[in-house]
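J.: Take this structure first; my questions come after.
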4 protein chains.
Amino acid sequence: MTLANGRPYLAIPGPSTMPDRVLNAMHRAAPNIYAGALPEMVESLWPDLRRLAGTKAHVAIYIANGHGAWEAANANLFSRGDRALVIATGTFGIGWKESAAARGVQAELLDFGKSAPADPARIEAALRADTGHGIKTVLVTHVDTASSVKNDIPAIRRAIDAAGHPALLAVDCIASMGCDAFFMDDWGVDVAVAASQKGLMVPPGLGLLWFSDRAMERCRGSDLRTPYWNWTSRATAAEFWQYWAGTAPTHHLFGLRESLNMIAEEGLEAVWARHAALARTVWAAFDAWGAGHPEIALNVADPAHRGHSVTAARLGPAPNATRLRDWLEQRAGVTLGIGLGMALPSEPAYHGFLRVAHMGHVNAHMTLGVLAAMEAGMIALDIPHGSGALTAAARVVAGAAGA
Amino acid sequence: MTLANGRPYLAIPGPSTMPDRVLNAMHRAAPNIYAGALPEMVESLWPDLRRLAGTKAHVAIYIANGHGAWEAANANLFSRGDRALVIATGTFGIGWKESAAARGVQAELLDFGKSAPADPARIEAALRADTGHGIKTVLVTHVDTASSVKNDIPAIRRAIDAAGHPALLAVDCIASMGCDAFFMDDWGVDVAVAASQKGLMVPPGLGLLWFSDRAMERCRGSDLRTPYWNWTSRATAAEFWQYWAGTAPTHHLFGLRESLNMIAEEGLEAVWARHAALARTVWAAFDAWGAGHPEIALNVADPAHRGHSVTAARLGPAPNATRLRDWLEQRAGVTLGIGLGMALPSEPAYHGFLRVAHMGHVNAHMTLGVLAAMEAGMIALDIPHGSGALTAAARVVAGAAGA
Amino acid sequence: MTLANGRPYLAIPGPSTMPDRVLNAMHRAAPNIYAGALPEMVESLWPDLRRLAGTKAHVAIYIANGHGAWEAANANLFSRGDRALVIATGTFGIGWKESAAARGVQAELLDFGKSAPADPARIEAALRADTGHGIKTVLVTHVDTASSVKNDIPAIRRAIDAAGHPALLAVDCIASMGCDAFFMDDWGVDVAVAASQKGLMVPPGLGLLWFSDRAMERCRGSDLRTPYWNWTSRATAAEFWQYWAGTAPTHHLFGLRESLNMIAEEGLEAVWARHAALARTVWAAFDAWGAGHPEIALNVADPAHRGHSVTAARLGPAPNATRLRDWLEQRAGVTLGIGLGMALPSEPAYHGFLRVAHMGHVNAHMTLGVLAAMEAGMIALDIPHGSGALTAAARVVAGAAGA
Amino acid sequence: MTLANGRPYLAIPGPSTMPDRVLNAMHRAAPNIYAGALPEMVESLWPDLRRLAGTKAHVAIYIANGHGAWEAANANLFSRGDRALVIATGTFGIGWKESAAARGVQAELLDFGKSAPADPARIEAALRADTGHGIKTVLVTHVDTASSVKNDIPAIRRAIDAAGHPALLAVDCIASMGCDAFFMDDWGVDVAVAASQKGLMVPPGLGLLWFSDRAMERCRGSDLRTPYWNWTSRATAAEFWQYWAGTAPTHHLFGLRESLNMIAEEGLEAVWARHAALARTVWAAFDAWGAGHPEIALNVADPAHRGHSVTAARLGPAPNATRLRDWLEQRAGVTLGIGLGMALPSEPAYHGFLRVAHMGHVNAHMTLGVLAAMEAGMIALDIPHGSGALTAAARVVAGAAGA
C-alpha cells in the first residue's frame, strides 16, 4: 500500500518548496506595466537584492533560468577569444565552462573532481603561469548543485590577489544564494549569479546578476553582449521596460517581493543559520547510517566544504539510491534528487547516489520527516544501514534550536 | 534559534491540512446559484457522500460547524421532553449531550470516562431498564476528538437490539468520517453526523447529516425542528436553494467536490488503511518513549479502541506536554493539539496531555516528521523518554508500505 | 457565435463578485484555532463590523447563510407564542415571516406588495391597535433582494415611537449592508441581520447579527434559543470557540478581514456613494429603454425607495426577460438575476422580470458593460426598447465621477 | 468621487487578462523536473502549439519575454554580417530590426510608417534588387502592438516568391497569435515568434518559436547562436532539461497547458471570430465618436489592415488621450494602453493617442464596458465626440452574436 497520499514533499535541489505567501503573491490579475503598483514595487527590490548578496554593486533581473543567467554573465564578461579560468567542483562548474566555450571563450578548466573543493594554490599557480594576464575572469561555483561541494570564495580571491593577477572573479551562487553566507563585496567578488527557484523560493523563471563597477567598466566592450543579456542597459534603465529588455516578468516579480519579505522578516543571518543547522541534521543521519556501511556516505568528506542547501550522498551499491528514491516517492510522499552526474565507474549511471535538498522554505519538521521516511524506506527495501540515525538527527535539531 | 521557518505543519485534530487541490477548487469566482456549473456539480455530491458513509440513506449538507451539525441532528430527532441516552467517552460526547439538554431533551448520560470505550452491556442494561421505551434515540460518538477513544458501533447496535429496544442509533462521526471504517447501513446506524474540516479536508463551514428512512419517518413530528435545521425539506428539495435552506455554500461545495474526488482516486478502503498505518506509526513511537517512563503513555490502552485520526496521549508531568507543544511550534514548525479536557486531578488543566492528529491529507513524511520533531523537542527540553521511538515508527511505516 | 468567452460577469444579487484580495486571503493553510494568527486577527473584526453597521452594539458571526441568520435572530428574539409584526415589501420579507412562524411565533404580516415601501402610518396604526403591547418585535427588510424596494427605517422607528409602543425593531440588511447607508444606533434599530455574500464580498457561509443591549436584555428568556443560535454566549465568549459555538469558520474569517480592509481603505461613505451612483446609472438606462415602451420599467417607481445594490425591473412581456438573460449568459458573458417572485398574473412566473445587481466589488466598467451588453441583447433578440440608454448611463457615471 | 473600486480591468495590449483557470493552474507546489506530472504534461504542449500556429514545424519554448524571443530568432537565423530585410509598420518592427542590428546583422529597414501595412510590391522590388541573394531572411511583424497595423503575410510570401528570392520569411506574431488567423505552413512562413502574455493569456515569461525544417537546415551554421537560444538543441532534446536549456519554467508551463485547453475548448476558429467581432465593436464606437470630429480616428484607415487584438487610435488633440486614460483608471476601473510611439510632430509625445486592447480572455461585456466607460470619460472631461457610439458598438455585438 502507499502512505504517500498527503501533501507531497519535494526535496530536490530546485525548484524548492514554494511558500504559500509567494504563490499567493503571484496569484493576481495582470498589472499595468507602464505605471502603478508594479513599477513602484520594483524599486524596492534593488536594495533588498543587494542586501541579499552583501553588496553595493549593480543588480539585474533576467527572465531566464540559471543557464540563461550563466549566458548573461558570459555575454557581458567576454569577447570572442577571451580567456577564462573555470573552476569545476561538480557538474555545474563544467556546465558554466561549456556555456562560455560555446560562445567562443577560451575557457581553461581546472577540475577538482566531484567531492572536494577547489585548491586555491592550484588556482594561484595557474594565474601566476598566465604572465601575460590573458585570463580575463575566473569563474567558480560557490556550491555545486550536483556534488554539493562548497568552495571557499575568499580563499580563491586571495589566490588571485596573491598571484598579482587582475582577473575578475565571477561566482555561480545559484545553489547557495539565500542559503549559505555570501558577502560579495567583502569577499572581492565581481560578478554573482543566482536564480529564483532555490534559496529564493520563487518558481523558475528569473536569473539574477550582481556585478561590480569594475566588472561593468572592464567589460564595456564585450562583443558577446546582446541586447537581451546586456547588463549595462538594464542597470542604467531610463524607462521601466529597459530593466527587462522588454515586458517585465510581472507575476514573478511579485513573488520575488514576497520571498524577500520573508527573508527580511526572519533575518538573513537567521536564514543562513537555519540552513546550516538543517544541513548538519542531514549529515548526522548519514554519518549514522554509514557507520559500518561504507557504501553509505556523504559525498564530501569535510563538513566545511559542504554546501548548506543540498547534500549529495552515496547510497550504494547501485541501484539502491534509485530504489530508495522510487520507494519514497510512491510510498511516503517524498521526492529526492537524483545523483546528478555522480556514478562509480563500475555502476549504472547515478543509481548509487542521491541528493537531499534543504534549501529555502524548509524547517525541522520537513527535514526530519525526510530522514525518517528514508529510514523507513531502507528498512522496507532491506538496505543495510547503521542505526541511530534519526535520534542523531533529532539531537542536532535539539542542539541548534535550544530550549 | 528557530528551525520553524518553512511550511508550518498543523497536526491538530481539525481543521486538518487543506490539500492544494481543495484550496484551488475554492479559489474561484462566485458561481450562479440558480443554474449552471454549481447545481450540476452538486448532484454528483450525493452519491459520493452516501458511499463515504456506507449507506443508501438521505444526506443533507448544512452551512454549520460540528456543533451546528449536532444541533441539526437533535432538532430533527427530538421533541421537547423526549428522552435520549447519551454515551460519553470524552469531551465531545458530553458536548452533544449538553446540546440536546439545552433544547429540553431529557438526556441521560452514560459516561465511560475518557480512556475507554463504551461497554455495550451497560447500554443494553440501561435500555432494558427503559421498559416503557421512552428513550427515543441513543447518541454516541464514534471517535471522540478529545480522548481519541473509538467506540464499537456494531456492538452498540447489537446491545440495542439485544435489549429489544426500538431506539434509534445516532453516531457522531465528526472525527472519524473518511478516516476510520464506517458502514452506516451494515452497522444499523440511523443518523450519522460529520463536518468538513477533518477527514474531509475542507475548511470548517459544512456540517453533514446522513439519516435513514426510519429516522425520517419516526421524527416526522419533532417539535424542535426549525426551518434551517429541518432535514426533510433538505432531503426532498424541489428547488436548488432548498438543499441549503437559502443560499448555497458555493465555494465550500466546490472544495468538497474536490475532496471527494481525492478520496475516490485513492479508494476509500485505501484511505482507511493509510490512516490505520499512520496511527500505528504514532502509537509505536509513544510506546517506545513510554518504555520505562510511565508518565508518557497513550490515552487509550487497547489499540482496538483507539481512533485512527487522532491520538491523545499523556506527556507528563504537567506542564511538559505544553512545553513540548510550544517548543514544536516555535522551533520546529509543528503545531500539536492541546490535551483538550484531559487532566489529572493533581495537575494544571491539560498541560500534561497533548494530541497528535493524523487525519485527512496526511502521509508518512508528515507523520514521521512530527514524531522526529517531538523527539528533538524532548531532547532540547530535557524531557526524559525511552529510546528507539523513531526507528520503531519507521518500522511501522516500512511494514505497512511494503517493498 | 458566442462572445462570452472572457471573464464571466455575475450580476446576480448575491453571491456578488469576489475580489481577488478576498479569495487570496482565503487561499491559505488551515490555521490553529486555539492560538496565534487567527484568534489575534478576529479581535480586529468586532470594531470594524460595528463601524460598518453604525453601532456600538453587540455583534455575532454565525456559520450560516442569510436564512440561518434570520433563524438566529428569531431564536433570540422570541419565545414560542410571542407576537411579531412583520413588514413585507417583497419575497424576503415574507420569508422572514415564515421563518418566524415556523418556530411558533405569531407573526402578523403587513404586506405592502412588491413595488413600494412600507407605509409608516399603517405600521403606527397596527401598533396603536396593539394596546396590550403584545407585539414584541417589528421585523422589516431594509432592501428586499427580490423586489429591490428600500424601506425608510428611521420613519418606521418614528412610527413605533409615535405609537408609544415598546416593540423592538429588527432589520434585515442582508441585501443592503455595505451598499446603502445604515446607522443602526442613530436610527434606533435593535437588531440588524446581514450575510457575507453581498456587500461584504465574501463567499456565502457567514451570517452576521448586531444586537443592542436592550434586545439582549429583553430577550434574555427566549425559549426558542438554541446553543448554536444563542447570541449571548457568542457576545460574552470567554473562550475563542464560544464565538462560533464550536469550530471557527477559519477561511471565511480571513476573507471577511480582507473585505473589511477594502471597505476601510475606500471609506464606508465612499462605498455607499459608489453604490448610489451605479444604481442611478442602471436606472437611467432603464428609464431610456422604457420611454415609449411601458413593458420595460423599473420595479419601484420612486428612486428614493429603490435599494442601491440591486435593481428589479420588468422587461416584458414574458418571456423577454428570460430570453435576454439567457442570451447575455451564452453570448456576452453576463449573468443577471431572475425576477424572483415577480410576475404578472397573466404571465409565466418571473419570465417578464429580471434583476441587475450592483453590489459590493463593482465599478463603472462592470456596470456599464452590463447595460451595453443588455442593449446588444435586446437588439439581437428584437426586443423593442427606447434609445439613448447607454449614453444616459454614461452621463450618470460622468456626472458622479466628475472631471 | 471614484467609481473604480471594483475589479480593475486592464485593456493594455499585454499582459492581457489572466483567466482564473490559468492563474489557478499556476498556483501549485513546485513539481519534480526529472519525472512525473510535468514531463508527461509537456509532451501534450507540442501538438497543441503546432495547431495554434497552423504548422507541422518545430516549436521551442524559451524562458524569455518577446524581446528575448526576437533575440532567439535572430541568434538562430543569422551569422554576424548576414543581411536581413526588415519590414516595419510600427514601433515593434523597428525594435526587431534594432535587435538584429545590435548583433551585427546588416538589417535593411523598409519602413511603411505607422498607419499602413507593408506594400508587397516594394518588398518584391527590394528583393529583386538583391540579385546576389545576400538577404537571408525577411523579418516582418504580423500585427504591430503599437500601431495595430496588420500585415498581409501571404502577400509578402508571394512577393518573395515573385522575386524569385530564396529568403526565409520570419514573422513576429507576438501581438496576434491566438487572436488573428495565422496559418504558418499554408502561408509559407519559416519562423514564427510569439510570447505568452497576449493571446495566450499567460503571465509574461515565455517566448515561443516555431521554425520550419528549411529554416533549421539553412541556419545550421549561424554563428550568433548561443547555447541558451539554440533552437536545434531544444527541438531535438534527448533529455527533458534540454527543452529549456536548463531548469524548466514549471509554473508557466502549467499555465500554458490550461490556456491551450481553453483555446481548444472554444475552438481556434471561434477564438479568432470572437476577436474579429470584438475588434469591429471597438471600431464601430470610434467611427461614431469620430464622425464630425476628425481628431478622433482609428490609426489604420482600412479595416482589412487592422489587427484584431489591439486598436490604436487618435483621441486628440493631445493631451486628451492621456487625460481620458487617467480618468478611466482613476474613476472607472479601466486601464488603456498608451499611444506607444504614436505622436503628431506638433504634439507632446503620445498624449493624443491611446490603445484599446481586446486580446485573449475578453468578451462582449468587457469590451462594451470599456467603450461605455470611455464615453463617460469623454463626457466628464468635455472631450467633444460624435454620438451613437455605444449603440453602434452594441449593434455589432448583436449582429455577431446573433439571436
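Going through the C-alpha cells in order, the chains are called A, B, and so on, while each chain numbers its residues from 1 and the ligands are numbered from 1 in the order shown.
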Could the residues of chain A that have an atom at most 9 Å from chain D be listed as a tab-separated table, each with its closest atom pair and the distance in Å to one decimal, counting only C-alpha atoms and ordered by chain and ascending residue number?

T.:
residue	atom	partner	partner_atom	distance
A:Pro8	CA	D:Ala29	CA	8.7
A:Leu10	CA	D:Asn32	CA	7.0
A:Ile12	CA	D:Asn32	CA	7.4
A:Gly14	CA	D:Thr247	CA	8.5
A:Pro15	CA	D:Ala30	CA	6.1
A:Ser16	CA	D:Ala30	CA	6.7
A:Thr17	CA	D:Ala30	CA	6.1
A:Met18	CA	D:Ala29	CA	6.1
A:Pro19	CA	D:Ala29	CA	8.5
A:Asp20	CA	D:Ala29	CA	8.7
A:Leu23	CA	D:His27	CA	5.8
A:Asn24	CA	D:His27	CA	7.5
A:Met26	CA	D:His27	CA	7.8
A:His27	CA	D:Leu23	CA	5.8
A:Arg28	CA	D:Leu23	CA	7.4
A:Ala29	CA	D:Met18	CA	6.1
A:Ala30	CA	D:Pro15	CA	6.1
A:Pro31	CA	D:Leu10	CA	7.4
A:Asn32	CA	D:Leu10	CA	7.0
A:Ile33	CA	D:Pro15	CA	8.0
A:Tyr34	CA	D:Ile338	CA	8.4
A:Tyr62	CA	D:Ala64	CA	8.1
A:Ile63	CA	D:Ala64	CA	5.1
A:Ala64	CA	D:Ile63	CA	5.1
A:Asn65	CA	D:Thr247	CA	6.0
A:Gly66	CA	D:Gly246	CA	6.8
A:His67	CA	D:Gly246	CA	5.5
A:Gly68	CA	D:Tyr228	CA	6.0
A:Glu71	CA	D:Tyr228	CA	7.0
A:Glu98	CA	D:Pro227	CA	8.8
A:Ser99	CA	D:Pro227	CA	6.3
A:Ala100	CA	D:Pro227	CA	9.0
A:Ala102	CA	D:Pro227	CA	6.7
A:Arg103	CA	D:Thr226	CA	6.2
A:Pro203	CA	D:His251	CA	6.5
A:Pro204	CA	D:Pro249	CA	5.2
A:Gly205	CA	D:Pro249	CA	5.6
A:Leu206	CA	D:Ile63	CA	8.6
A:Asp223	CA	D:Arg103	CA	8.8
A:Leu224	CA	D:Arg103	CA	8.6
A:Arg225	CA	D:Arg103	CA	8.1
A:Thr226	CA	D:Arg103	CA	6.2
A:Pro227	CA	D:Ser99	CA	6.4
A:Tyr228	CA	D:Gly68	CA	6.0
A:Trp229	CA	D:Gly68	CA	8.9
A:Trp244	CA	D:Asn65	CA	8.4
A:Ala245	CA	D:His67	CA	6.5
A:Gly246	CA	D:His67	CA	5.5
A:Thr247	CA	D:Asn65	CA	6.0
A:Ala248	CA	D:Pro204	CA	6.8
A:Pro249	CA	D:Pro204	CA	5.2
A:Thr250	CA	D:Pro204	CA	6.4
A:His251	CA	D:Pro203	CA	6.5
A:His252	CA	D:Gly205	CA	8.5
A:Thr335	CA	D:Asn32	CA	7.5
A:Gly337	CA	D:Tyr34	CA	8.6
A:Ile338	CA	D:Tyr34	CA	8.4

J.: From a DSSP pass on the backbone, collect the residues of segment 148-238 of chain D flagged as strand (DSSP E) and hand them back as a PyMOL selection string.

T.: chain D and resi 168-172+191-195+206-211

J.: Mind writing the picked residues with N, CA, C and O atoms as a PDB file, in the first residue's frame?

T.:
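What follows is the written file result_26.pdb:
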ATOM      1  N   LEU D 168      14.303  33.453 -46.365  1.00  0.00           N
ATOM      2  CA  LEU D 168      13.340  32.919 -45.415  1.00  0.00           C
ATOM      3  C   LEU D 168      12.380  34.024 -45.007  1.00  0.00           C
ATOM      4  O   LEU D 168      12.721  35.218 -45.080  1.00  0.00           O
ATOM      5  N   LEU D 169      11.222  33.613 -44.502  1.00  0.00           N
ATOM      6  CA  LEU D 169      10.248  34.591 -44.018  1.00  0.00           C
ATOM      7  C   LEU D 169       9.998  34.330 -42.523  1.00  0.00           C
ATOM      8  O   LEU D 169       9.539  33.246 -42.143  1.00  0.00           O
ATOM      9  N   ALA D 170      10.343  35.318 -41.725  1.00  0.00           N
ATOM     10  CA  ALA D 170      10.164  35.200 -40.272  1.00  0.00           C
ATOM     11  C   ALA D 170       9.147  36.239 -39.822  1.00  0.00           C
ATOM     12  O   ALA D 170       9.253  37.411 -40.194  1.00  0.00           O
ATOM     13  N   VAL D 171       8.184  35.801 -39.042  1.00  0.00           N
ATOM     14  CA  VAL D 171       7.057  36.676 -38.695  1.00  0.00           C
ATOM     15  C   VAL D 171       6.916  36.811 -37.182  1.00  0.00           C
ATOM     16  O   VAL D 171       6.877  35.818 -36.457  1.00  0.00           O
ATOM     17  N   ASP D 172       6.849  38.033 -36.735  1.00  0.00           N
ATOM     18  CA  ASP D 172       6.593  38.342 -35.321  1.00  0.00           C
ATOM     19  C   ASP D 172       5.082  38.318 -35.098  1.00  0.00           C
ATOM     20  O   ASP D 172       4.363  39.211 -35.543  1.00  0.00           O
ATOM     21  N   VAL D 191       9.594  31.038 -39.940  1.00  0.00           N
ATOM     22  CA  VAL D 191       9.780  31.222 -38.498  1.00  0.00           C
ATOM     23  C   VAL D 191       8.651  32.097 -37.972  1.00  0.00           C
ATOM     24  O   VAL D 191       8.345  33.145 -38.559  1.00  0.00           O
ATOM     25  N   ALA D 192       8.047  31.657 -36.887  1.00  0.00           N
ATOM     26  CA  ALA D 192       7.043  32.482 -36.216  1.00  0.00           C
ATOM     27  C   ALA D 192       7.478  32.679 -34.772  1.00  0.00           C
ATOM     28  O   ALA D 192       8.046  31.770 -34.154  1.00  0.00           O
ATOM     29  N   VAL D 193       7.204  33.860 -34.268  1.00  0.00           N
ATOM     30  CA  VAL D 193       7.643  34.255 -32.932  1.00  0.00           C
ATOM     31  C   VAL D 193       6.423  34.693 -32.134  1.00  0.00           C
ATOM     32  O   VAL D 193       5.595  35.450 -32.648  1.00  0.00           O
ATOM     33  N   ALA D 194       6.293  34.212 -30.888  1.00  0.00           N
ATOM     34  CA  ALA D 194       5.196  34.674 -30.037  1.00  0.00           C
ATOM     35  C   ALA D 194       5.658  34.736 -28.589  1.00  0.00           C
ATOM     36  O   ALA D 194       6.803  34.381 -28.270  1.00  0.00           O
ATOM     37  N   ALA D 195       4.774  35.217 -27.769  1.00  0.00           N
ATOM     38  CA  ALA D 195       5.081  35.302 -26.338  1.00  0.00           C
ATOM     39  C   ALA D 195       3.813  34.945 -25.574  1.00  0.00           C
ATOM     40  O   ALA D 195       2.721  34.884 -26.132  1.00  0.00           O
ATOM     41  N   LEU D 206       7.327  33.602 -21.085  1.00  0.00           N
ATOM     42  CA  LEU D 206       7.613  32.590 -22.100  1.00  0.00           C
ATOM     43  C   LEU D 206       7.673  33.234 -23.487  1.00  0.00           C
ATOM     44  O   LEU D 206       6.770  33.974 -23.871  1.00  0.00           O
ATOM     45  N   GLY D 207       8.729  32.913 -24.220  1.00  0.00           N
ATOM     46  CA  GLY D 207       8.804  33.228 -25.640  1.00  0.00           C
ATOM     47  C   GLY D 207       8.664  31.941 -26.432  1.00  0.00           C
ATOM     48  O   GLY D 207       9.105  30.877 -25.978  1.00  0.00           O
ATOM     49  N   LEU D 208       8.008  32.029 -27.584  1.00  0.00           N
ATOM     50  CA  LEU D 208       7.729  30.826 -28.366  1.00  0.00           C
ATOM     51  C   LEU D 208       8.279  30.986 -29.768  1.00  0.00           C
ATOM     52  O   LEU D 208       8.116  32.053 -30.381  1.00  0.00           O
ATOM     53  N   LEU D 209       8.907  29.934 -30.273  1.00  0.00           N
ATOM     54  CA  LEU D 209       9.407  29.965 -31.641  1.00  0.00           C
ATOM     55  C   LEU D 209       8.941  28.715 -32.382  1.00  0.00           C
ATOM     56  O   LEU D 209       9.097  27.600 -31.896  1.00  0.00           O
ATOM     57  N   TRP D 210       8.358  28.955 -33.561  1.00  0.00           N
ATOM     58  CA  TRP D 210       8.099  27.857 -34.478  1.00  0.00           C
ATOM     59  C   TRP D 210       9.072  28.019 -35.651  1.00  0.00           C
ATOM     60  O   TRP D 210       9.271  29.156 -36.116  1.00  0.00           O
ATOM     61  N   PHE D 211       9.641  26.953 -36.117  1.00  0.00           N
ATOM     62  CA  PHE D 211      10.595  27.099 -37.227  1.00  0.00           C
ATOM     63  C   PHE D 211      10.559  25.855 -38.103  1.00  0.00           C
ATOM     64  O   PHE D 211      10.485  24.724 -37.639  1.00  0.00           O
TER      65      PHE D 211
END

J.: Please report the interatomic distance between atom CA of Ala60 of chain B and atom CA of Thr232 of chain B in Å with one decimal.

T.: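 That distance, rounded to one decimal, is 8.9 Å.
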
J.: List as a tab-separated table (two decimals) with C-alpha atoms, in the first residue's frame the protein and nucleic acid residues near Gly36 of chain D, meaning an atom at most 12 Å away when only C-alpha atoms are counted, but skip any in the same chain fewer than 6 places from it.

T.:
chain	number	residue	atom	x	y	z
A	326	ASP	CA	11.32	5.47	-6.03
A	329	GLU	CA	8.01	8.99	-3.88
A	330	GLN	CA	5.50	6.18	-4.27
A	335	THR	CA	10.82	13.16	-3.77
D	30	ALA	CA	6.77	23.03	-7.34
D	42	VAL	CA	4.81	18.88	-21.51
D	43	GLU	CA	4.59	16.33	-24.30
D	240	PHE	CA	13.89	16.95	-20.52

J.: I want to know what sits within 8 Å of Ile296 of chain D, based on only C-alpha atoms, with residues of the same chain fewer than 4 positions away left out; could you give that as a count of residues only?

T.: 8

J.: Quick one: pull the distance between atom CA of Ile94 of chain B and atom CA of Thr236 of chain C, Å, one decimal.

T.: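 Calculated distance between atom CA of Ile94 of chain B and atom CA of Thr236 of chain C is 21.9 Å.
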
J.: Smallest atom-to-atom distance to His142 of chain D: which of D:Ile61, D:Met41, D:Ala4, D:Met177, using only C-alpha atoms?

T.: D:Met177

J.: Report as a PyMOL selection string: the residues of segment 157-288 of chain A with a DSSP assignment of helix (DSSP H, G or I), based on the backbone of this structure.

T.: chain A and resi 157-162+213-218+231-235+240-244+250-266+268-288
